[in-house]
$ cat coords-v1.cif   # mmCIF, C-alpha atoms and all ligand atoms
data_input
loop_
_atom_site.label_atom_id
_atom_site.label_comp_id
_atom_site.auth_asym_id
_atom_site.auth_seq_id
_atom_site.Cartn_x
_atom_site.Cartn_y
_atom_site.Cartn_z
CA MET W 14 190.29 18.17 82.36
CA PRO W 15 188.47 15.85 79.95
CA TYR W 16 190.57 14.23 77.24
CA ASN W 17 190.39 16.19 74.05
CA LYS W 18 192.16 15.04 70.93
CA ASN W 19 192.21 18.62 69.62
CA LEU W 20 195.02 20.51 71.27
CA SER W 21 194.25 23.96 72.60
CA PRO W 22 196.12 26.86 70.89
CA LYS W 23 198.24 27.24 74.04
CA GLN W 24 199.22 23.56 74.06
CA LEU W 25 199.93 23.66 70.35
CA SER W 26 202.23 26.69 70.73
CA LEU W 27 203.89 25.09 73.71
CA PHE W 28 204.66 21.79 72.03
CA THR W 29 205.82 23.35 68.78
CA SER W 30 208.08 25.82 70.60
CA LEU W 31 209.47 23.02 72.77
CA ALA W 32 210.30 20.97 69.69
CA LEU W 33 211.87 23.95 67.94
CA ALA W 34 213.83 24.97 71.06
CA LEU W 35 215.11 21.43 71.53
CA LEU W 36 216.18 21.22 67.90
CA ALA W 37 217.93 24.61 68.07
CA ALA W 38 219.60 23.80 71.40
CA LEU W 39 220.87 20.47 70.07
CA THR W 40 222.24 22.17 66.94
CA ALA W 41 223.94 24.75 69.14
CA LEU W 42 225.33 21.97 71.28
CA ILE W 43 226.83 20.27 68.21
CA ILE W 44 228.46 23.51 67.07
CA ARG W 45 229.68 24.50 70.55
CA PHE W 46 229.74 21.76 73.08
CA HIS W 47 228.83 23.64 76.23
CA VAL W 48 225.92 23.25 78.70
CA LEU W 49 225.46 27.01 78.95
CA VAL W 50 225.11 27.33 75.16
CA PHE W 51 222.57 24.53 75.23
CA VAL W 52 220.52 26.11 78.03
CA ALA W 53 220.75 29.65 76.65
CA SER W 54 219.72 28.70 73.11
CA PHE W 55 216.94 26.51 74.45
CA VAL W 56 215.48 29.31 76.61
CA PHE W 57 215.88 31.94 73.90
CA VAL W 58 214.40 29.92 71.06
CA PHE W 59 211.63 28.56 73.25
CA THR W 60 210.53 32.03 74.44
CA ALA W 61 210.73 33.61 71.02
CA ALA W 62 209.02 30.72 69.28
CA TYR W 63 206.29 30.48 71.88
CA LEU W 64 205.45 34.19 71.65
CA LEU W 65 205.50 34.21 67.85
CA ILE W 66 203.55 31.02 67.37
CA SER W 67 200.86 31.80 69.93
CA TYR W 68 200.46 35.29 68.43
CA ALA W 69 200.14 33.82 64.93
CA ILE W 70 197.62 31.20 66.01
CA LYS W 71 195.59 33.74 67.98
CA THR W 72 195.44 36.17 65.08
CA TYR W 73 194.52 33.45 62.64
CA THR W 74 191.80 31.85 64.79
CA ASN W 75 190.34 35.22 65.74
CA ARG W 76 189.99 36.12 62.12
CA GLN W 77 188.30 32.81 61.36
CA ILE W 78 186.02 33.14 64.40
CA LYS W 79 185.09 36.66 63.37
CA ILE W 80 184.03 35.38 59.95
CA LEU W 81 182.05 32.65 61.66
CA TYR W 82 180.21 35.10 63.92
CA LYS W 83 179.50 37.37 60.98
CA LEU W 84 178.01 34.43 59.10
CA ILE W 85 175.94 33.45 62.10
CA SER W 86 174.49 36.86 62.76
CA ARG W 87 174.39 37.69 59.05
CA THR W 88 174.48 41.39 59.76
CA LYS W 89 176.64 44.21 58.66
CA ALA W 90 178.75 45.25 61.60
CA GLY W 91 177.17 48.18 63.40
CA LYS W 92 178.93 50.22 66.08
CA LYS W 93 177.99 47.71 68.73
CA GLU W 94 179.31 44.79 66.69
CA VAL W 95 182.58 46.56 65.91
CA TYR W 96 183.10 47.02 69.66
CA TYR W 97 182.14 43.41 70.20
CA TYR W 98 184.56 42.08 67.56
CA ARG W 99 187.39 44.24 68.83
CA ASN W 100 187.01 43.79 72.57
CA ILE W 101 184.83 40.88 73.58
CA LEU W 102 185.39 38.34 70.84
CA PRO W 103 189.19 38.07 71.24
CA GLU W 104 188.59 37.12 74.88
CA LYS W 105 186.41 34.18 73.96
CA ASN W 106 188.09 30.82 74.02
CA LEU W 107 187.29 28.11 71.50
CA ASP W 108 185.05 26.25 73.95
CA GLU W 109 182.86 29.33 74.34
CA VAL W 110 182.78 29.77 70.57
CA THR W 111 181.74 26.12 70.17
CA GLN W 112 178.95 26.69 72.71
CA ASP W 113 177.76 29.79 70.83
CA VAL W 114 177.72 27.92 67.54
CA GLU W 115 175.85 25.02 69.11
CA ALA W 116 173.27 27.38 70.61
CA TRP W 117 172.91 29.03 67.21
CA ALA W 118 172.43 25.66 65.50
CA GLU W 119 169.83 24.69 68.10
CA GLN W 120 167.93 27.92 67.53
CA ARG W 121 168.00 27.36 63.78
CA LYS W 122 166.62 23.87 64.32
CA VAL W 123 163.70 25.27 66.30
CA GLU W 124 163.07 27.92 63.64
CA ILE W 125 163.10 25.31 60.90
CA GLU W 126 160.67 23.15 62.88
CA ILE W 127 158.28 26.12 63.20
CA LEU W 128 158.59 26.86 59.49
CA LYS W 129 157.89 23.23 58.62
CA GLN W 130 154.87 23.24 60.90
CA ASN W 131 153.57 26.45 59.35
CA GLU W 132 154.02 24.88 55.96
CA VAL W 133 151.90 21.90 57.04
CA PHE W 134 149.27 24.29 58.44
CA ARG W 135 149.27 26.27 55.21
CA LYS W 136 148.82 23.16 53.11
CA GLU W 137 146.06 21.84 55.36
CA PHE W 138 144.36 25.21 55.35
CA LEU W 139 144.33 25.43 51.55
CA GLN W 140 143.14 21.85 51.28
CA ASN W 141 140.32 22.45 53.76
CA LEU W 142 139.39 25.74 52.21
CA SER W 143 139.13 24.36 48.70
CA HIS W 144 137.10 21.44 50.05
CA GLU W 145 134.73 23.78 51.88
CA LEU W 146 134.33 25.93 48.78
CA LYS W 147 133.92 23.02 46.39
CA THR W 148 130.92 21.45 48.09
CA PRO W 149 128.52 24.41 47.82
CA ILE W 150 129.90 25.55 44.45
CA PHE W 151 129.36 22.12 42.89
CA SER W 152 125.80 21.95 44.23
CA ILE W 153 125.05 25.43 42.90
CA GLN W 154 126.51 24.42 39.54
CA GLY W 155 124.43 21.23 39.55
CA TYR W 156 121.14 22.95 40.34
CA VAL W 157 121.70 25.82 37.90
CA GLU W 158 122.62 23.47 35.07
CA THR W 159 119.57 21.29 35.75
CA LEU W 160 117.36 24.36 35.75
CA ILE W 161 118.85 25.63 32.48
CA GLY W 162 118.47 22.14 31.02
CA GLY W 163 114.70 22.41 31.33
CA ALA W 164 113.84 22.00 35.02
CA ILE W 165 113.07 25.71 35.14
CA ASN W 166 109.76 24.94 33.42
CA ASN W 167 108.91 22.11 35.80
CA PRO W 168 106.82 23.64 38.60
CA GLU W 169 107.41 20.55 40.74
CA VAL W 170 111.12 21.19 41.17
CA ASN W 171 112.03 24.68 39.99
CA VAL W 172 111.36 26.51 43.25
CA LYS W 173 112.92 23.73 45.31
CA PHE W 174 116.11 23.83 43.23
CA LEU W 175 116.30 27.61 43.46
CA GLU W 176 115.85 27.41 47.24
CA ARG W 177 118.67 24.86 47.48
CA THR W 178 120.85 27.07 45.29
CA SER W 179 120.11 29.98 47.57
CA ALA W 180 120.95 27.89 50.69
CA ASN W 181 124.30 26.95 49.16
CA ILE W 182 125.01 30.56 48.30
CA GLN W 183 124.23 31.43 51.92
CA ARG W 184 126.71 28.76 53.00
CA LEU W 185 129.40 30.40 50.85
CA VAL W 186 128.56 33.80 52.28
CA ASN W 187 128.82 32.42 55.84
CA LEU W 188 132.16 30.81 55.02
CA VAL W 189 133.58 34.01 53.60
CA ASP W 190 132.28 35.98 56.60
CA ASP W 191 133.94 33.51 58.98
CA LEU W 192 137.20 33.64 57.06
CA ASP W 193 137.09 37.39 57.08
CA GLU W 194 136.48 37.37 60.83
CA ILE W 195 139.37 34.98 61.47
CA SER W 196 141.81 36.92 59.35
CA LYS W 197 140.82 40.16 61.10
CA LEU W 198 141.30 38.51 64.48
CA GLU W 199 144.64 37.03 63.41
CA THR W 200 146.07 40.27 62.11
CA GLY W 201 144.87 42.03 65.25
CA GLU W 202 142.87 44.40 63.07
CA LEU W 203 139.72 43.87 65.08
CA GLN W 204 139.56 46.22 68.04
CA LEU W 205 137.79 45.03 71.18
CA ASN W 206 135.20 47.28 72.63
CA PRO W 207 134.93 46.19 76.27
CA LYS W 208 132.04 47.22 78.42
CA LEU W 209 130.24 46.00 81.52
CA PHE W 210 127.29 43.66 81.12
CA VAL W 211 125.51 40.88 82.96
CA ILE W 212 126.63 37.56 81.48
CA GLN W 213 123.39 35.71 82.38
CA ASP W 214 121.35 38.25 80.42
CA LEU W 215 123.45 37.74 77.34
CA VAL W 216 123.14 33.96 77.61
CA LYS W 217 119.36 34.30 77.89
CA GLU W 218 119.33 36.48 74.75
CA VAL W 219 121.30 33.81 72.88
CA PHE W 220 118.89 31.08 74.09
CA GLU W 221 116.06 33.26 72.80
CA LEU W 222 117.78 33.77 69.45
CA LEU W 223 118.23 30.04 68.92
CA ALA W 224 114.85 29.05 70.40
CA ASP W 225 113.41 27.86 67.05
CA LYS W 226 116.36 25.61 66.37
CA MET W 227 116.04 24.14 69.87
CA THR W 228 112.33 23.53 69.54
CA GLU W 229 112.93 21.68 66.28
CA LYS W 230 115.14 19.24 68.15
CA GLY W 231 113.14 19.28 71.38
CA ILE W 232 116.09 20.67 73.28
CA VAL W 233 115.51 22.64 76.48
CA ALA W 234 118.05 25.27 77.53
CA THR W 235 118.28 26.49 81.11
CA ILE W 236 120.48 28.38 83.52
CA LYS W 237 121.81 26.04 86.19
CA LYS W 238 120.16 26.26 89.60
CA GLY W 239 122.21 28.40 91.96
CA CYS W 240 123.82 30.33 89.08
CA GLU W 241 120.98 32.82 88.58
CA GLN W 242 122.48 35.66 90.60
CA SER W 243 123.64 38.33 88.15
CA ILE W 244 127.36 38.50 87.51
CA THR W 245 128.81 41.49 85.68
CA VAL W 246 131.77 40.99 83.37
CA LEU W 247 133.99 43.38 81.46
CA ALA W 248 134.28 42.26 77.83
CA ASP W 249 133.29 43.01 74.25
CA LYS W 250 129.61 42.09 74.45
CA GLU W 251 129.06 41.55 70.72
CA LYS W 252 132.09 39.33 70.41
CA ILE W 253 131.05 37.28 73.45
CA ARG W 254 127.59 36.98 71.95
CA GLN W 255 129.25 35.44 68.90
CA VAL W 256 131.10 32.96 71.15
CA LEU W 257 127.91 32.01 72.97
CA ILE W 258 125.96 31.64 69.73
CA ASN W 259 128.52 29.17 68.42
CA LEU W 260 128.69 27.21 71.70
CA VAL W 261 124.91 26.96 72.06
CA ASP W 262 124.53 26.26 68.33
CA ASN W 263 127.07 23.43 68.66
CA GLY W 264 125.17 22.17 71.71
CA ILE W 265 122.05 21.95 69.55
CA LYS W 266 123.74 20.49 66.46
CA TYR W 267 125.69 17.89 68.38
CA GLY W 268 123.03 17.42 71.03
CA LYS W 269 120.58 14.54 71.24
CA GLN W 270 116.93 14.75 70.29
CA ASN W 271 115.02 16.05 73.36
CA GLY W 272 118.30 16.79 75.09
CA THR W 273 119.31 19.65 77.38
CA ILE W 274 121.68 22.58 77.37
CA GLU W 275 122.65 24.15 80.64
CA ALA W 276 124.60 27.34 81.30
CA SER W 277 126.49 27.85 84.55
CA PHE W 278 128.57 30.69 85.93
CA TYR W 279 131.27 30.75 88.59
CA LYS W 280 133.32 33.54 90.10
CA THR W 281 136.94 32.50 90.59
CA PRO W 282 139.35 33.85 93.22
CA SER W 283 141.46 35.40 90.44
CA LYS W 284 138.69 37.93 89.68
CA THR W 285 137.47 36.13 86.57
CA VAL W 286 134.12 34.63 85.74
CA LEU W 287 133.89 31.15 84.29
CA THR W 288 130.96 30.57 81.93
CA GLU W 289 130.15 26.99 81.01
CA ILE W 290 127.78 25.61 78.37
CA THR W 291 126.97 21.96 78.96
CA ASP W 292 125.05 19.62 76.68
CA ASN W 293 124.17 15.95 76.97
CA GLY W 294 124.88 15.26 73.32
CA ILE W 295 127.17 13.01 71.31
CA GLY W 296 130.32 14.18 73.09
CA ILE W 297 133.83 14.34 71.74
CA ALA W 298 136.46 11.58 71.90
CA ASP W 299 139.75 12.39 73.60
CA GLU W 300 141.78 12.31 70.40
CA HIS W 301 139.64 15.12 68.95
CA SER W 302 139.15 17.37 71.95
CA SER W 303 142.60 18.95 71.69
CA ARG W 304 142.06 19.74 68.00
CA ILE W 305 138.49 21.04 67.71
CA PHE W 306 139.66 24.63 68.22
CA GLU W 307 141.74 24.43 65.03
CA ARG W 308 140.41 26.02 61.87
CA PHE W 309 138.20 23.65 59.85
CA TYR W 310 138.62 20.80 62.32
CA ARG W 311 135.57 18.60 62.68
CA THR W 312 135.27 15.20 64.29
CA ASP W 313 134.51 12.23 62.08
CA THR W 314 131.04 12.01 63.60
CA ALA W 315 130.31 15.58 62.58
CA ARG W 316 131.59 14.94 59.07
CA SER W 317 129.87 11.63 58.52
CA ARG W 318 126.56 12.87 59.84
CA LYS W 319 126.86 15.90 57.57
CA ILE W 320 125.77 18.16 60.38
CA GLY W 321 127.54 21.31 61.27
CA GLY W 322 129.17 24.01 59.27
CA SER W 323 132.70 24.57 58.15
CA GLY W 324 134.43 23.98 61.47
CA LEU W 325 135.50 27.59 61.89
CA GLY W 326 133.19 28.39 64.82
CA LEU W 327 135.40 27.22 67.66
CA ALA W 328 138.53 28.67 66.01
CA ILE W 329 136.79 32.05 66.02
CA CYS W 330 135.67 31.55 69.66
CA LYS W 331 139.24 30.79 70.70
CA HIS W 332 140.55 33.90 68.92
CA ILE W 333 137.93 36.09 70.56
CA ILE W 334 138.56 34.72 74.06
CA GLU W 335 142.32 34.94 73.63
CA ALA W 336 141.98 38.52 72.41
CA HIS W 337 140.43 39.12 75.85
CA GLN W 338 143.54 37.47 77.36
CA GLN W 339 141.35 34.68 78.69
CA THR W 340 141.05 30.97 78.00
CA ILE W 341 138.51 28.56 76.56
CA ASP W 342 138.51 24.77 76.89
CA VAL W 343 136.40 21.65 76.76
CA ARG W 344 135.66 18.59 78.87
CA SER W 345 133.75 15.86 77.14
CA THR W 346 132.80 12.19 77.23
CA PRO W 347 131.48 10.45 74.12
CA ASP W 348 127.76 9.73 74.39
CA VAL W 349 127.51 11.57 77.70
CA GLY W 350 128.00 15.16 76.65
CA SER W 351 130.34 18.14 76.51
CA THR W 352 131.07 21.18 78.61
CA PHE W 353 132.70 24.20 76.99
CA GLY W 354 134.01 26.77 79.45
CA PHE W 355 135.60 30.17 78.97
CA SER W 356 136.76 32.82 81.39
CA LEU W 357 136.13 36.56 81.34
CA LYS W 358 137.27 39.43 83.49
CA ALA W 359 134.89 40.10 86.38
CA GLU W 360 133.70 43.67 86.97
N1 LIG A 401 128.94 20.42 71.85
C1 LIG A 401 129.61 19.60 71.03
N2 LIG A 401 129.41 18.25 71.09
C2 LIG A 401 130.08 17.42 70.27
N3 LIG A 401 130.97 17.82 69.35
C3 LIG A 401 131.21 19.13 69.24
C4 LIG A 401 130.55 20.09 70.07
N4 LIG A 401 130.98 21.31 69.74
C5 LIG A 401 131.87 21.14 68.75
N5 LIG A 401 132.01 19.84 68.44
C6 LIG A 401 132.92 19.27 67.42
O1 LIG A 401 133.91 20.23 67.14
C7 LIG A 401 133.89 20.57 65.75
C8 LIG A 401 134.27 22.02 65.58
O2 LIG A 401 133.24 22.88 66.05
P1 LIG A 401 133.03 24.28 65.35
O3 LIG A 401 132.01 25.03 66.08
O4 LIG A 401 134.37 24.89 65.18
O5 LIG A 401 132.54 23.87 63.89
P2 LIG A 401 131.09 23.55 63.32
O6 LIG A 401 130.06 23.80 64.37
O7 LIG A 401 131.16 22.20 62.72
O8 LIG A 401 130.99 24.59 62.17
P3 LIG A 401 130.69 26.17 62.31
O9 LIG A 401 130.74 26.51 63.76
O10 LIG A 401 131.81 26.79 61.53
O11 LIG A 401 129.36 26.36 61.71
C9 LIG A 401 132.50 20.22 65.29
O12 LIG A 401 132.47 19.95 63.91
C10 LIG A 401 132.20 18.97 66.11
O13 LIG A 401 132.82 17.87 65.52
MG MG A 402 129.99 25.57 65.43
#

$ encode --input "coords-v1.cif" --output "structure tokens" --more "lines below"
Ligand SMILES: Nc1ncnc2c1ncn2[C@@H]1O[C@H](COP(=O)(O)OP(=O)(O)OP(=O)(O)O)[C@@H](O)[C@H]1O
Ligand SMILES: [Mg+2]
Amino acid sequence: MPYNKNLSPKQLSLFTSLALALLAALTALIIRFHVLVFVASFVFVFTAAYLLISYAIKTYTNRQIKILYKLISRTKAGKKEVYYYRNILPEKNLDEVTQDVEAWAEQRKVEIEILKQNEVFRKEFLQNLSHELKTPIFSIQGYVETLIGGAINNPEVNVKFLERTSANIQRLVNLVDDLDEISKLETGELQLNPKLFVIQDLVKEVFELLADKMTEKGIVATIKKGCEQSITVLADKEKIRQVLINLVDNGIKYGKQNGTIEASFYKTPSKTVLTEITDNGIGIADEHSSRIFERFYRTDTARSRKIGGSGLGLAICKHIIEAHQQTIDVRSTPDVGSTFGFSLKAE
């Protein structure tokens, strides 16, 4: 048994009763000098004292422990708890109680950590959001004030300023739409509508949709050789279209002039289909790749080059793919390129 400077209730009762019994027996011995008197009073006082003291200690500690458990669980005793307090709790020894309290404290610590983290997230979110709102609002304010101040009558700039105002308003609308989408996905409000479709066809449609943007940058998008054979997946087609639009759009925005985007498809043994979108663009450094799926997260390159949107695209992609109970991830090397891959259920 390990050395413990706190005596157990049993030991405490034992030692106190022994001391009392010895004292009583010695007193008896002084009054009546006889071995039998000594032994008899010792045995009697010891037994009585031991029973009384251990009962008193047990009752007292049980009451204290009960208060402790009530504090820990912070509930009003229901039927189950009453049974627990009456029958199971008295059987617990102090070591078990200590273990329970330690486990409780540990759990609290974890909960507090999560709360602290959420608090950091909340602060970051508000900070990012106000930053994202400020930029277009300040430009709109600037253009409108300049127009009111007289530029409205200057045919050289008036239309240009109005167009820029309109572009900034569009940016705000996109931001609000994205936020709306994220909050719907997070509250689980958005219902998936899964159906069967050929993933290559959808990718081709997305390439088509973004063709102008690609031409502007001289980017050529293709389906990888050997991946042309149609693969049918079961997923919410419109939501997956949204994922693909963001991935291909990122491939263009963060791609090099005259670069390439390539889509590839693989069936896995676990009856899923892996879709990958690969570009040969600026790539992502290791320290960023684990964070780019967070809301508003953008790499320094994206920020400093002032390309890209609000940084909500990948957060939305992740939500959509996770709502399908699938995964999305990235492999990337700076200046070489990036591959974003996500899985979907095969037909
Ligand atoms: N293909 C890529 N190559 C290099 N960096 C990328 C690529 N895709 C994403 N990133 C980085 O990850 C960040 C987050 O991407 P995400 O799609 O969430 O935001 P965004 O494209 O900047 O804005 P949004 O999609 O909201 O318009 C980007 O800002 C960029 O820094
Ligand atoms: Mg994006």

$ closest_residue --input "coords-v1.cif" --among "W:Asn187, W:Gln204, W:Ser356, W:Gln213" --to "ligand MG 402 (chain A)" --atoms "only C-alpha atoms and all ligand atoms"
W:Asn187

$ closest_atom_pairs --input "coords-v1.cif" --of "chain W" --to "ligand LIG 401 (chain A)" --cutoff "6 Å" --atoms "all atoms listed in the file" --output "CSV"
residue,atom,partner,partner_atom,distance
W:Asn259,CA,A:LIG401,O9,5.8
W:Asn263,CA,A:LIG401,N4,4.6
W:Gly264,CA,A:LIG401,N1,4.2
W:Tyr267,CA,A:LIG401,N2,4.6
W:Gly294,CA,A:LIG401,N2,5.9
W:Ile295,CA,A:LIG401,C2,5.4
W:Gly296,CA,A:LIG401,C2,4.3
W:Ile297,CA,A:LIG401,C2,5.1
W:Ile305,CA,A:LIG401,O1,4.7
W:Tyr310,CA,A:LIG401,C8,5.6
W:Arg311,CA,A:LIG401,O12,3.6
W:Thr312,CA,A:LIG401,O13,3.8
W:Ala315,CA,A:LIG401,O13,4.5
W:Gly321,CA,A:LIG401,O7,4.0
W:Gly322,CA,A:LIG401,O11,3.4
W:Ser323,CA,A:LIG401,O10,4.1
W:Gly324,CA,A:LIG401,O5,3.1
W:Leu325,CA,A:LIG401,O10,3.8
W:Gly326,CA,A:LIG401,O9,3.3
W:Leu327,CA,A:LIG401,O4,3.6
W:Ala328,CA,A:LIG401,O4,5.7
W:Ser351,CA,A:LIG401,N1,5.4

$ closest_residue --input "coords-v1.cif" --among "W:Val133, W:Leu188, W:Ile212, W:Leu222" --to "ligand MG 402 (chain A)" --atoms "all atoms listed in the file"
W:Leu188

$ atom_distance --input "coords-v1.cif" --atom1 "CA of Phe138 in chain W" --atom2 "CA of Arg308 in chain W"
7.7 Å

$ closest_residue --input "coords-v1.cif" --among "W:His47, W:His337, W:Lys331, W:Lys358" --to "ligand MG 402 (chain A)" --atoms "all atoms listed in the file"
W:Lys331

$ residues_around --input "coords-v1.cif" --residues "range 142-154 of chain W" --least-positions-apart "5" --cutoff "9 Å" --atoms "all atoms listed in the file" --output "PyMOL selection string"
chain W and resi 137+159+177-182+184-185+188+309+323

$ atom_distance --input "coords-v1.cif" --atom1 "CA of Ile329 in chain W" --atom2 "CA of Gly354 in chain W"
14.7 Å

$ closest_residue --input "coords-v1.cif" --among "W:Ser303, W:Thr291, W:Gln255, W:Thr346" --to "ligand MG 402 (chain A)" --atoms "only C-alpha atoms and all ligand atoms"
W:Gln255

$ closest_residue --input "coords-v1.cif" --among "W:Lys71, W:Lys83, W:Lys266, W:Arg45" --to "ligand MG 402 (chain A)" --atoms "only C-alpha atoms and all ligand atoms"
W:Lys266

$ closest_residue --input "coords-v1.cif" --among "W:Asp313, W:Tyr156, W:Lys217, W:Ser196" --to "Glu300 in chain W" --atoms "all atoms listed in the file"
W:Asp313

$ decode --input "coords-v1.cif" --residues "range 45-68 of chain W" --atoms "C-alpha atoms" --output "PDB file, in the first residue's frame"
ATOM      1  CA  ARG W  45      -9.341  -2.313  40.476  1.00  0.00           C
ATOM      2  CA  PHE W  46      -5.983  -3.871  40.055  1.00  0.00           C
ATOM      3  CA  HIS W  47      -6.857  -7.024  38.158  1.00  0.00           C
ATOM      4  CA  VAL W  48      -5.774  -8.335  34.727  1.00  0.00           C
ATOM      5  CA  LEU W  49      -9.299  -9.494  33.913  1.00  0.00           C
ATOM      6  CA  VAL W  50     -10.712  -6.017  34.596  1.00  0.00           C
ATOM      7  CA  PHE W  51      -8.028  -4.558  32.369  1.00  0.00           C
ATOM      8  CA  VAL W  52      -8.727  -6.971  29.502  1.00  0.00           C
ATOM      9  CA  ALA W  53     -12.517  -6.775  29.826  1.00  0.00           C
ATOM     10  CA  SER W  54     -12.656  -2.972  29.892  1.00  0.00           C
ATOM     11  CA  PHE W  55     -10.177  -2.784  27.037  1.00  0.00           C
ATOM     12  CA  VAL W  56     -12.226  -5.131  24.819  1.00  0.00           C
ATOM     13  CA  PHE W  57     -15.533  -3.509  25.735  1.00  0.00           C
ATOM     14  CA  VAL W  58     -14.440   0.090  25.270  1.00  0.00           C
ATOM     15  CA  PHE W  59     -12.511  -0.734  22.118  1.00  0.00           C
ATOM     16  CA  THR W  60     -15.487  -2.490  20.454  1.00  0.00           C
ATOM     17  CA  ALA W  61     -18.000   0.137  21.462  1.00  0.00           C
ATOM     18  CA  ALA W  62     -15.754   3.042  20.536  1.00  0.00           C
ATOM     19  CA  TYR W  63     -14.773   1.511  17.227  1.00  0.00           C
ATOM     20  CA  LEU W  64     -18.387   0.917  16.192  1.00  0.00           C
ATOM     21  CA  LEU W  65     -19.527   4.373  17.278  1.00  0.00           C
ATOM     22  CA  ILE W  66     -16.624   6.276  15.804  1.00  0.00           C
ATOM     23  CA  SER W  67     -16.634   4.483  12.455  1.00  0.00           C
ATOM     24  CA  TYR W  68     -20.410   4.989  12.212  1.00  0.00           C
TER      25      TYR W  68
END
